[in-house]
Every structure is written in structure tokens, then in C-alpha cells.
Amino acid sequence: MRHLKKGRKLNRTRSHRLAMLSNMASSLVFYKRIRTTLPKAKTLTPFIERLITYSKNNDKLHARRLIMSKIIGSNNKEVANLLMNEIGPQYNSRNGGYTRIIKLDNRKNDNAKMCLIEFVNLKVEDKENKDSSESYSKNEKESEKKNNK
């Protein structure tokens, strides 16, 4: 029985699972929206929301160090800077619920449930991010056309 054993294993070892969550969180911070499988997105949600809550704290140095301890790899300083300076301040008035999961069609080869995970009400200034969001919206429109047929 799995009493009091929360979380998903995702058929990975602990170290692989933590590295995957760290990589997915840094990708979400950089690109503001990523496409992944539904179980991975549901596992990523509490991980990234905790990082955003850290970035909203008044104690900036301690929060930055907590974020950098959770993000594995060489880009942890960049992720911490983005969270502390751009993403965190936009959610000062919001208490949780910083991400949204949008379900998509199943993946073709293995029929895995796919989804988009993105930040809620995040203002994006970069041209690259707008282009990527347009490409995702085109894919969503194509999938809706296929469903209607």
C-alpha cells in the first residue's frame, strides 16, 4: 500500500527525476510555455510554484540561494535572476496558482497524453516568446480542425 507516499516516480530514479524537474523548470522560466506529457506537467507544477513563491519573499538573498539550490546545472543563476526580477514581481498580489495546464491531443507514436504548461497572466516582452506562443496557437488550431472532422 502506498499510504503517505506522495509524488510520481515517472519510471525514473530519484536523481534523474530531480534533474528532469530542474531542467523542465528552467525551460519554463526561459520560454514561459513548454509542451510536455501530462504526468510530467502535473509533477512540475508544485516544483515551479514553490520557486515562484521563493522569488516573492522579502529576503532576496536567501530566496535566491534557495532557488539556486533547487535548479541543478550551470544556468541556475540565470533562472534565479529571471525569477527574482521578472516573473516573481508580477505575482506579488497572487497567492498561488501561477501555472496553467492546457491539455492537447495525444502524441502520435505512443499515444501519451500531451499538454502545455504555462504561466498565468504573465506579461511577455520578448519577440521570441511571442513567436513561440503563436506557433503553439497554430498547433492548437490544427488539432481543433482535426477534431471537428
# chains A, B, ... in the order shown; residues from 1 in each chain; ligands from 1
call {"tool": "select_by_dssp", "arguments": {"residues": "chain A", "states": "strand (DSSP E or B)", "output": "list in words"}}
result
Arg33, Ile34, Arg35, Thr36, Thr37, Thr99, Arg100, Ile101, Ile102, Lys103, Leu104, Asp105, Asn106, Lys113, Met114, Cys115, Leu116, Ile117, Glu118 and Phe119 of chain A
call {"tool": "write_last_selection", "arguments": {"atoms": "N, CA and C atoms", "output": "short mmCIF file (atom, residue, chain, number, x, y, z; two decimals), in the first residue's frame"}}
result
data_model
loop_
_atom_site.label_atom_id
_atom_site.label_comp_id
_atom_site.auth_asym_id
_atom_site.auth_seq_id
_atom_site.Cartn_x
_atom_site.Cartn_y
_atom_site.Cartn_z
N ARG A 33 6.47 28.90 -21.63
CA ARG A 33 5.48 27.91 -22.00
C ARG A 33 6.21 26.72 -22.61
N ILE A 34 5.92 25.51 -22.14
CA ILE A 34 6.56 24.33 -22.71
C ILE A 34 5.51 23.26 -22.97
N ARG A 35 5.85 22.35 -23.87
CA ARG A 35 4.96 21.24 -24.21
C ARG A 35 5.57 19.97 -23.64
N THR A 36 4.77 19.22 -22.89
CA THR A 36 5.27 18.02 -22.24
C THR A 36 4.11 17.05 -22.03
N THR A 37 4.40 15.92 -21.40
CA THR A 37 3.33 14.97 -21.10
C THR A 37 2.57 15.43 -19.85
N THR A 99 0.66 28.68 -12.47
CA THR A 99 0.78 27.97 -13.75
C THR A 99 -0.58 27.43 -14.18
N ARG A 100 -0.66 27.15 -15.47
CA ARG A 100 -1.88 26.63 -16.08
C ARG A 100 -1.48 25.45 -16.95
N ILE A 101 -2.28 24.39 -16.94
CA ILE A 101 -2.06 23.22 -17.79
C ILE A 101 -3.17 23.16 -18.81
N ILE A 102 -2.80 23.16 -20.09
CA ILE A 102 -3.77 23.08 -21.18
C ILE A 102 -3.56 21.73 -21.86
N LYS A 103 -4.59 20.92 -21.89
CA LYS A 103 -4.47 19.58 -22.48
C LYS A 103 -4.52 19.66 -24.00
N LEU A 104 -3.69 18.85 -24.64
CA LEU A 104 -3.62 18.77 -26.09
C LEU A 104 -3.97 17.35 -26.53
N ASP A 105 -3.88 17.11 -27.83
CA ASP A 105 -4.12 15.76 -28.35
C ASP A 105 -3.02 14.82 -27.88
N ASN A 106 -3.31 13.52 -27.96
CA ASN A 106 -2.31 12.53 -27.59
C ASN A 106 -1.17 12.51 -28.61
N LYS A 113 -0.56 11.26 -23.27
CA LYS A 113 -1.34 12.49 -23.10
C LYS A 113 -0.39 13.67 -23.06
N MET A 114 -0.58 14.63 -23.95
CA MET A 114 0.29 15.80 -24.05
C MET A 114 -0.43 17.03 -23.53
N CYS A 115 0.35 18.03 -23.12
CA CYS A 115 -0.24 19.26 -22.63
C CYS A 115 0.76 20.39 -22.73
N LEU A 116 0.26 21.59 -22.58
CA LEU A 116 1.09 22.78 -22.45
C LEU A 116 1.04 23.21 -20.99
N ILE A 117 2.18 23.60 -20.47
CA ILE A 117 2.20 24.22 -19.15
C ILE A 117 2.77 25.61 -19.34
N GLU A 118 2.06 26.61 -18.79
CA GLU A 118 2.46 28.00 -18.99
C GLU A 118 2.15 28.79 -17.74
N PHE A 119 2.72 29.98 -17.68
CA PHE A 119 2.44 30.88 -16.57
C PHE A 119 1.11 31.58 -16.80
#
call {"tool": "residues_around", "arguments": {"residues": "Leu66 (chain A)", "least_positions_apart": "6", "cutoff": "10 Å", "atoms": "only C-alpha atoms", "output": "PyMOL selection string"}}
result
chain A and resi 51+54-55+60+80
call {"tool": "atom_distance", "arguments": {"atom1": "CA of Leu82 (chain A)", "atom2": "CA of Thr43 (chain A)"}}
result
21.6 Å
call {"tool": "closest_residue", "arguments": {"among": "A:Lys70, A:Arg107, A:Arg64, A:Arg14", "to": "Met84 (chain A)", "atoms": "only C-alpha atoms"}}
result
A:Arg64
call {"tool": "atom_distance", "arguments": {"atom1": "CA of Ser22 (chain A)", "atom2": "CA of Ile87 (chain A)"}}
result
16.9 Å
call {"tool": "closest_residue", "arguments": {"among": "A:Val120, A:Arg94, A:Ile52, A:Asn109", "to": "Ser26 (chain A)", "atoms": "only C-alpha atoms"}}
result
A:Ile52
call {"tool": "select_by_dssp", "arguments": {"residues": "chain A", "states": "alpha helix (DSSP H)", "output": "ChimeraX atom specification"}}
result
/A:14-31,38-55,60-70,76-82,88-90,127-148
call {"tool": "residues_around", "arguments": {"residues": "Asn57 (chain A)", "least_positions_apart": "5", "cutoff": "9 Å", "atoms": "only C-alpha atoms", "output": "list in words"}}
result
His62, Ala63 and Gly88 of chain A
call {"tool": "atom_distance", "arguments": {"atom1": "CA of Arg2 (chain A)", "atom2": "CA of Pro39 (chain A)"}}
result
17.9 Å
